[in-house]
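Below: my_file_32.txt (compact mmCIF, C-alpha atoms)
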```txt
# COMPACT_ATOMS: atom_id res chain seq x y z
CA PRO S 1 26.66 -20.28 33.85
CA ALA S 2 26.09 -17.57 36.47
CA GLU S 3 28.33 -15.14 34.55
CA ALA S 4 26.51 -15.94 31.33
CA LEU S 5 23.08 -15.33 32.86
CA ALA S 6 24.29 -12.03 34.28
CA LEU S 7 25.04 -10.64 30.84
CA ASP S 8 22.61 -8.02 29.57
CA SER S 9 21.97 -10.09 26.48
CA VAL S 10 23.06 -13.43 25.11
CA LEU S 11 23.81 -11.52 21.92
CA THR S 12 26.93 -10.08 23.53
CA MET S 13 28.45 -13.55 23.32
CA VAL S 14 27.71 -13.87 19.61
CA HIS S 15 30.50 -13.08 17.15
CA PRO S 16 29.99 -9.56 15.70
CA GLU S 17 29.73 -10.91 12.15
CA ASP S 18 26.90 -13.28 13.17
CA ARG S 19 25.17 -10.95 15.63
CA GLU S 20 22.68 -9.32 13.26
CA ARG S 21 21.57 -12.69 11.90
CA ILE S 22 20.91 -14.05 15.40
CA ARG S 23 19.19 -10.81 16.41
CA SER S 24 16.79 -11.23 13.48
CA TYR S 25 16.06 -14.83 14.50
CA ASN S 26 15.30 -13.77 18.05
CA ALA S 27 13.08 -10.89 16.92
CA ALA S 28 11.10 -13.20 14.64
CA ARG S 29 10.51 -15.70 17.46
CA GLU S 30 9.39 -12.96 19.86
CA ALA S 31 6.92 -11.78 17.21
CA GLY S 32 5.59 -15.28 16.68
CA GLU S 33 7.08 -15.46 13.19
CA SER S 34 9.03 -18.28 11.60
CA ALA S 35 12.74 -18.58 12.41
CA PRO S 36 15.26 -21.41 11.99
CA ASP S 37 15.15 -23.88 14.86
CA HIS S 38 18.60 -25.25 14.05
CA TYR S 39 21.61 -23.24 12.93
CA GLU S 40 25.35 -22.79 13.36
CA VAL S 41 26.84 -19.70 14.92
CA ARG S 42 30.17 -18.34 16.13
CA VAL S 43 30.36 -17.18 19.74
CA LEU S 44 33.08 -15.54 21.80
CA ARG S 45 34.63 -17.26 24.78
CA LYS S 46 35.55 -15.35 27.94
CA ASP S 47 39.13 -14.98 26.64
CA GLY S 48 37.86 -13.46 23.38
CA SER S 49 38.55 -16.47 21.18
CA ALA S 50 35.82 -17.59 18.78
CA ILE S 51 34.29 -21.05 18.66
CA TRP S 52 31.56 -22.59 16.54
CA LEU S 53 28.33 -23.88 18.07
CA SER S 54 25.46 -25.88 16.68
CA MET S 55 22.27 -24.43 18.16
CA SER S 56 18.82 -26.03 18.40
CA VAL S 57 16.01 -23.82 19.71
CA ARG S 58 12.44 -24.71 20.73
CA PRO S 59 9.67 -22.85 22.57
CA VAL S 60 9.01 -23.85 26.19
CA SER S 61 6.97 -22.59 29.12
CA TRP S 62 9.05 -21.07 31.95
CA GLU S 63 7.34 -19.92 35.15
CA GLY S 64 4.08 -19.49 33.30
CA GLU S 65 5.53 -17.52 30.42
CA GLN S 66 6.75 -18.46 26.98
CA ALA S 67 10.49 -18.85 26.67
CA PHE S 68 12.95 -20.51 24.35
CA GLN S 69 15.22 -23.39 25.19
CA GLY S 70 18.53 -23.68 23.39
CA VAL S 71 20.58 -26.87 23.13
CA ILE S 72 24.13 -26.28 22.01
CA ALA S 73 27.04 -28.42 20.85
CA ASP S 74 30.62 -27.30 20.23
CA ILE S 75 31.39 -28.05 16.56
CA SER S 76 34.68 -26.10 16.37
CA ASP S 77 36.75 -29.18 15.53
CA ARG S 78 34.41 -30.13 12.70
CA LYS S 79 34.47 -26.60 11.33
CA ARG S 80 38.26 -26.49 11.41
CA ALA S 81 38.37 -29.81 9.58
CA GLU S 82 35.91 -28.51 6.96
CA GLU S 83 37.95 -25.33 6.47
CA ALA S 84 41.16 -27.35 6.09
CA LEU S 85 39.44 -29.57 3.52
CA GLN S 86 38.16 -26.57 1.59
CA GLU S 87 41.65 -25.04 1.54
CA SER S 88 43.07 -28.35 0.34
CA GLU S 89 40.42 -28.64 -2.36
CA GLN S 90 41.08 -25.06 -3.48
CA ARG S 91 44.81 -25.73 -3.75
CA TYR S 92 44.05 -28.84 -5.80
CA ARG S 93 41.67 -26.91 -8.06
CA ASP S 94 44.28 -24.19 -8.55
CA LEU S 95 46.89 -26.83 -9.41
CA VAL S 96 44.57 -28.55 -11.89
CA ASP S 97 43.45 -25.28 -13.46
CA SER S 98 47.02 -24.04 -13.91
CA SER S 99 48.20 -27.33 -15.47
CA MET S 100 49.53 -27.15 -19.01
CA GLN S 101 47.99 -30.57 -19.65
CA GLY S 102 44.35 -30.91 -20.56
CA LEU S 103 42.44 -32.84 -17.92
CA ARG S 104 38.97 -34.24 -18.34
CA VAL S 105 36.67 -36.55 -16.39
CA ASN S 106 33.96 -38.37 -18.30
CA GLN S 107 31.25 -40.56 -16.90
CA GLY S 108 28.56 -42.40 -18.83
CA GLY S 109 30.07 -41.13 -22.06
CA ARG S 110 29.74 -37.45 -21.12
CA VAL S 111 32.15 -34.87 -19.77
CA VAL S 112 31.54 -34.07 -16.10
CA PHE S 113 34.69 -32.03 -15.45
CA ALA S 114 37.41 -30.31 -17.49
CA ASN S 115 40.22 -27.91 -16.69
CA ARG S 116 41.11 -24.73 -18.56
CA ALA S 117 43.84 -26.35 -20.67
CA GLU S 118 41.40 -29.02 -21.88
CA ALA S 119 38.91 -26.35 -22.92
CA GLU S 120 41.61 -24.48 -24.85
CA ILE S 121 42.81 -27.62 -26.62
CA PHE S 122 39.29 -28.42 -27.85
CA GLY S 123 38.34 -24.82 -28.68
CA PHE S 124 35.89 -24.05 -25.88
CA ASP S 125 35.70 -20.66 -24.19
CA SER S 126 35.57 -22.16 -20.69
CA PRO S 127 35.73 -25.55 -18.98
CA GLU S 128 32.06 -25.20 -18.03
CA GLN S 129 31.08 -25.26 -21.71
CA MET S 130 32.48 -28.77 -22.01
CA VAL S 131 30.39 -30.23 -19.20
CA GLY S 132 27.60 -32.39 -20.59
CA ILE S 133 28.95 -32.93 -24.10
CA THR S 134 29.47 -36.49 -25.30
CA VAL S 135 33.06 -37.64 -25.63
CA ASN S 136 32.25 -39.14 -29.05
CA GLU S 137 31.78 -35.60 -30.39
CA MET S 138 35.46 -34.92 -29.79
CA PHE S 139 36.89 -37.76 -31.88
CA SER S 140 36.43 -39.45 -35.23
CA PRO S 141 34.15 -42.53 -35.48
CA GLU S 142 37.21 -44.69 -36.22
CA PHE S 143 39.02 -43.59 -33.10
CA ASN S 144 35.86 -43.89 -30.99
CA ARG S 145 35.77 -47.59 -31.80
CA LEU S 146 39.37 -47.90 -30.63
CA ARG S 147 38.57 -45.78 -27.57
CA ASP S 148 35.70 -48.12 -26.66
CA ALA S 149 38.11 -51.05 -26.75
CA ARG S 150 40.59 -49.18 -24.55
CA ILE S 151 37.84 -48.31 -22.06
CA ALA S 152 36.88 -51.97 -21.84
CA ALA S 153 40.53 -52.84 -21.18
CA LEU S 154 40.75 -50.20 -18.45
CA MET S 155 37.64 -51.62 -16.78
CA ARG S 156 39.32 -55.02 -16.78
CA GLY S 157 42.24 -53.45 -14.93
CA GLU S 158 44.69 -53.65 -17.82
CA PRO S 159 47.39 -50.93 -17.91
CA LEU S 160 47.44 -48.89 -21.12
CA SER S 161 50.18 -46.82 -22.70
CA PRO S 162 49.53 -43.26 -23.92
CA ILE S 163 48.12 -43.09 -27.44
CA GLU S 164 48.18 -40.44 -30.15
CA ALA S 165 44.62 -39.70 -31.17
CA PRO S 166 42.99 -37.69 -33.98
CA ALA S 167 40.53 -35.30 -32.35
CA ILE S 168 38.07 -32.60 -33.42
CA ARG S 169 37.90 -29.09 -32.02
CA ARG S 170 34.58 -27.39 -31.33
CA ASP S 171 34.83 -25.48 -34.64
CA GLY S 172 35.46 -28.70 -36.57
CA GLU S 173 39.22 -28.22 -36.99
CA PRO S 174 41.09 -31.54 -36.81
CA ILE S 175 43.86 -31.79 -34.21
CA TRP S 176 46.07 -34.45 -32.68
CA VAL S 177 46.36 -35.14 -28.96
CA GLN S 178 48.39 -37.51 -26.87
CA SER S 179 45.88 -39.23 -24.62
CA MET S 180 46.30 -41.20 -21.40
CA SER S 181 43.41 -42.46 -19.27
CA ARG S 182 42.72 -44.30 -16.05
CA VAL S 183 39.69 -45.34 -14.04
CA ILE S 184 38.74 -43.20 -11.04
CA GLU S 185 35.73 -42.76 -8.78
CA TRP S 186 33.61 -39.63 -9.28
CA ASP S 187 30.59 -39.02 -7.07
CA ASN S 188 30.85 -42.64 -5.88
CA LYS S 189 30.63 -44.01 -9.44
CA PRO S 190 33.28 -45.23 -11.89
CA ALA S 191 34.58 -42.59 -14.27
CA PHE S 192 37.56 -42.00 -16.54
CA LEU S 193 40.26 -39.42 -15.96
CA THR S 194 42.00 -38.49 -19.21
CA LEU S 195 45.06 -36.29 -19.72
CA HIS S 196 45.63 -34.64 -23.08
CA VAL S 197 48.60 -32.89 -24.63
CA ASP S 198 48.11 -31.04 -27.91
CA ILE S 199 50.65 -32.54 -30.34
CA THR S 200 49.12 -31.08 -33.53
CA GLU S 201 52.18 -29.04 -34.49
CA ARG S 202 54.52 -31.94 -33.81
CA HIS S 203 52.33 -34.23 -35.90
CA ARG S 204 52.20 -31.76 -38.79
CA ALA S 205 55.97 -31.35 -38.68
CA ALA S 206 56.45 -35.13 -38.80
CA GLU S 207 54.08 -35.39 -41.78
CA ALA S 208 55.91 -32.56 -43.58
CA LEU S 209 59.22 -34.32 -42.99
CA ARG S 210 57.88 -37.59 -44.38
CA ASP S 211 56.50 -35.80 -47.46
CA SER S 212 59.85 -34.11 -47.98
CA GLU S 213 61.74 -37.39 -47.72
CA GLN S 214 59.40 -39.07 -50.21
CA ARG S 215 60.01 -36.32 -52.73
```
Would you write the structure of this file as structure tokens?
Amino acid sequence: PAEALALDSVLTMVHPEDRERIRSYNAAREAGESAPDHYEVRVLRKDGSAIWLSMSVRPVSWEGEQAFQGVIADISDRKRAEEALQESEQRYRDLVDSSMQGLRVNQGGRVVFANRAEAEIFGFDSPEQMVGITVNEMFSPEFNRLRDARIAALMRGEPLSPIEAPAIRRDGEPIWVQSMSRVIEWDNKPAFLTLHVDITERHRAAEALRDSEQR
């Protein structure tokens, strides 16, 4: 503590990348202006290593003059855990986005997530364009009735085999997909994760072969 108090300014302990932000907070307080009373900041230890602190600041009276009291907590472990989680989530997103299989999550009958392959299969320019559309728009009324029955079976915990389904692209073109679904949790609510493989060409080839054999 004695060494810390002897420093010309507490700012010298603040990480260079955070220093200007903290300087602006301090200047605002000195001028009587609004400044955050709780924030997170990186500081430098005596050995030069950086740690994360949670800082709470409030005005106090010190020897008859206004001063500011800071209460700090070392949150380095939490920050490292958050960074590791973010890296893990990014790797998972990269894996999902690079998958050759279409992947979609629907909840309440609407798409809440899709990967790039799913968007390409159904003729959308980006996965984001699919978010919010109803799943019924993507299939024929006949198949939607079958899909409703399969959803009910999934909710009862019954295992289902993949199914070949007639689907509809955004531009109205009919396609065929192999579809496999399971129940997951999304934002703490039940949802359905569905994998799709575009089998349109295979289906057309099979139909052509059947037509040829009949002739």
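With only C-alpha atoms as the atoms that count, the minimum distance from Val135 (chain S) to the choices S:Thr194, S:Glu82, S:Asn115, S:Pro16 is reached by S:Thr194.
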S:Leu195, S:Met55, S:Ala67, S:Ile168 ranked by distance to Gly123 (chain S), top pick (using all atoms listed in the file): S:Ile168
Wanna dump the region 54-99 of chain S-region 23-29 of chain S contacts at 10 Å for me, each residue with its shortest atom pair and the distance in Å to one decimal, counting all atoms listed in the file, ordered by chain and number, as JSON lines?
```
{"residue": "S:Arg58", "atom": "CA", "partner": "S:Arg29", "partner_atom": "CA", "distance": 9.8}
{"residue": "S:Pro59", "atom": "CA", "partner": "S:Arg29", "partner_atom": "CA", "distance": 8.8}
{"residue": "S:Ala67", "atom": "CA", "partner": "S:Arg29", "partner_atom": "CA", "distance": 9.7}
{"residue": "S:Phe68", "atom": "CA", "partner": "S:Arg29", "partner_atom": "CA", "distance": 8.7}
```
Selected residue, from S:Trp186, S:Phe122, S:Trp176, S:Tyr39, that lies nearest to Trp52 (chain S) when counting all atoms listed in the file: S:Tyr39
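Counting all atoms listed in the file, the residue from S:Val177, S:Leu103, S:Ala206, S:Ala117 that sits nearest to Pro162 (chain S) is S:Val177.
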Who sits within 10 Å of Gly109 (chain S), only C-alpha atoms, same chain under 6 positions skipped, as a JSON list (two decimals) with C-alpha atoms, in the coordinates of the input:
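Once everything was written out, this is result35.json:
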```
[["chain", "number", "residue", "atom", "x", "y", "z"],
["S", 132, "GLY", "CA", 27.60, -32.39, -20.59],
["S", 133, "ILE", "CA", 28.95, -32.93, -24.10],
["S", 134, "THR", "CA", 29.47, -36.49, -25.30],
["S", 135, "VAL", "CA", 33.06, -37.64, -25.63],
["S", 136, "ASN", "CA", 32.25, -39.14, -29.05],
["S", 191, "ALA", "CA", 34.58, -42.59, -14.27],
["S", 192, "PHE", "CA", 37.56, -42.00, -16.54]]
```
Residues within 12 Å of Gln66 (chain S), all atoms listed in the file, excluding chain neighbours under 3 positions, as an MDAnalysis selection string: chainID S and resid 29:32 58:63 69
Can you give me N, CA, C and O atoms for region 102-126 of chain S, written as a short mmCIF file (atom, residue, chain, number, x, y, z; two decimals), keeping the file's coordinate frame?
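See result_17.cif below for the written result:
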```cif
data_model
loop_
_atom_site.label_atom_id
_atom_site.label_comp_id
_atom_site.auth_asym_id
_atom_site.auth_seq_id
_atom_site.Cartn_x
_atom_site.Cartn_y
_atom_site.Cartn_z
N GLY S 102 45.80 -30.85 -20.63
CA GLY S 102 44.35 -30.91 -20.56
C GLY S 102 43.93 -32.05 -19.66
O GLY S 102 44.53 -33.13 -19.69
N LEU S 103 42.93 -31.82 -18.85
CA LEU S 103 42.44 -32.84 -17.92
C LEU S 103 40.93 -32.87 -18.01
O LEU S 103 40.27 -31.84 -17.94
N ARG S 104 40.42 -34.09 -18.19
CA ARG S 104 38.97 -34.24 -18.34
C ARG S 104 38.51 -35.47 -17.59
O ARG S 104 39.20 -36.49 -17.54
N VAL S 105 37.32 -35.39 -16.99
CA VAL S 105 36.67 -36.55 -16.39
C VAL S 105 35.38 -36.80 -17.16
O VAL S 105 34.57 -35.89 -17.33
N ASN S 106 35.23 -38.03 -17.65
CA ASN S 106 33.96 -38.37 -18.30
C ASN S 106 33.34 -39.57 -17.62
O ASN S 106 34.02 -40.46 -17.11
N GLN S 107 32.02 -39.54 -17.59
CA GLN S 107 31.25 -40.56 -16.90
C GLN S 107 29.99 -40.82 -17.73
O GLN S 107 29.30 -39.87 -18.11
N GLY S 108 29.72 -42.09 -18.01
CA GLY S 108 28.56 -42.40 -18.83
C GLY S 108 28.65 -41.82 -20.23
O GLY S 108 27.62 -41.51 -20.85
N GLY S 109 29.87 -41.64 -20.71
CA GLY S 109 30.07 -41.13 -22.06
C GLY S 109 29.99 -39.63 -22.20
O GLY S 109 30.12 -39.09 -23.30
N ARG S 110 29.83 -38.90 -21.07
CA ARG S 110 29.74 -37.45 -21.12
C ARG S 110 30.78 -36.80 -20.20
O ARG S 110 31.17 -37.39 -19.19
N VAL S 111 31.18 -35.61 -20.56
CA VAL S 111 32.15 -34.87 -19.77
C VAL S 111 31.47 -34.34 -18.50
O VAL S 111 30.41 -33.71 -18.58
N VAL S 112 32.08 -34.60 -17.35
CA VAL S 112 31.54 -34.07 -16.10
C VAL S 112 32.49 -33.06 -15.47
O VAL S 112 32.11 -32.32 -14.56
N PHE S 113 33.73 -33.02 -15.95
CA PHE S 113 34.69 -32.03 -15.45
C PHE S 113 35.78 -31.84 -16.49
O PHE S 113 36.20 -32.79 -17.16
N ALA S 114 36.26 -30.61 -16.63
CA ALA S 114 37.41 -30.31 -17.49
C ALA S 114 38.16 -29.13 -16.90
O ALA S 114 37.56 -28.28 -16.23
N ASN S 115 39.47 -29.08 -17.14
CA ASN S 115 40.22 -27.91 -16.69
C ASN S 115 40.37 -26.92 -17.84
O ASN S 115 39.93 -27.16 -18.98
N ARG S 116 41.01 -25.80 -17.57
CA ARG S 116 41.11 -24.73 -18.56
C ARG S 116 41.92 -25.17 -19.79
O ARG S 116 41.58 -24.83 -20.93
N ALA S 117 43.01 -25.91 -19.55
CA ALA S 117 43.84 -26.35 -20.67
C ALA S 117 43.05 -27.27 -21.61
O ALA S 117 43.21 -27.19 -22.84
N GLU S 118 42.22 -28.13 -21.06
CA GLU S 118 41.40 -29.02 -21.88
C GLU S 118 40.44 -28.21 -22.74
O GLU S 118 40.25 -28.51 -23.93
N ALA S 119 39.84 -27.20 -22.16
CA ALA S 119 38.91 -26.35 -22.92
C ALA S 119 39.64 -25.65 -24.07
O ALA S 119 39.13 -25.57 -25.19
N GLU S 120 40.84 -25.16 -23.80
CA GLU S 120 41.61 -24.48 -24.85
C GLU S 120 42.00 -25.43 -25.97
O GLU S 120 41.93 -25.08 -27.15
N ILE S 121 42.42 -26.64 -25.61
CA ILE S 121 42.81 -27.62 -26.62
C ILE S 121 41.65 -27.90 -27.58
O ILE S 121 41.83 -27.97 -28.80
N PHE S 122 40.44 -28.04 -27.03
CA PHE S 122 39.29 -28.42 -27.85
C PHE S 122 38.46 -27.22 -28.31
O PHE S 122 37.36 -27.40 -28.86
N GLY S 123 38.97 -26.00 -28.10
CA GLY S 123 38.34 -24.82 -28.68
C GLY S 123 37.12 -24.29 -27.95
O GLY S 123 36.29 -23.59 -28.55
N PHE S 124 37.00 -24.58 -26.66
CA PHE S 124 35.89 -24.05 -25.88
C PHE S 124 36.33 -22.80 -25.13
O PHE S 124 37.50 -22.64 -24.78
N ASP S 125 35.38 -21.91 -24.88
CA ASP S 125 35.70 -20.66 -24.19
C ASP S 125 35.98 -20.86 -22.70
O ASP S 125 36.68 -20.08 -22.09
N SER S 126 35.39 -21.91 -22.12
CA SER S 126 35.57 -22.16 -20.69
C SER S 126 35.39 -23.65 -20.43
O SER S 126 34.73 -24.35 -21.21
#
```
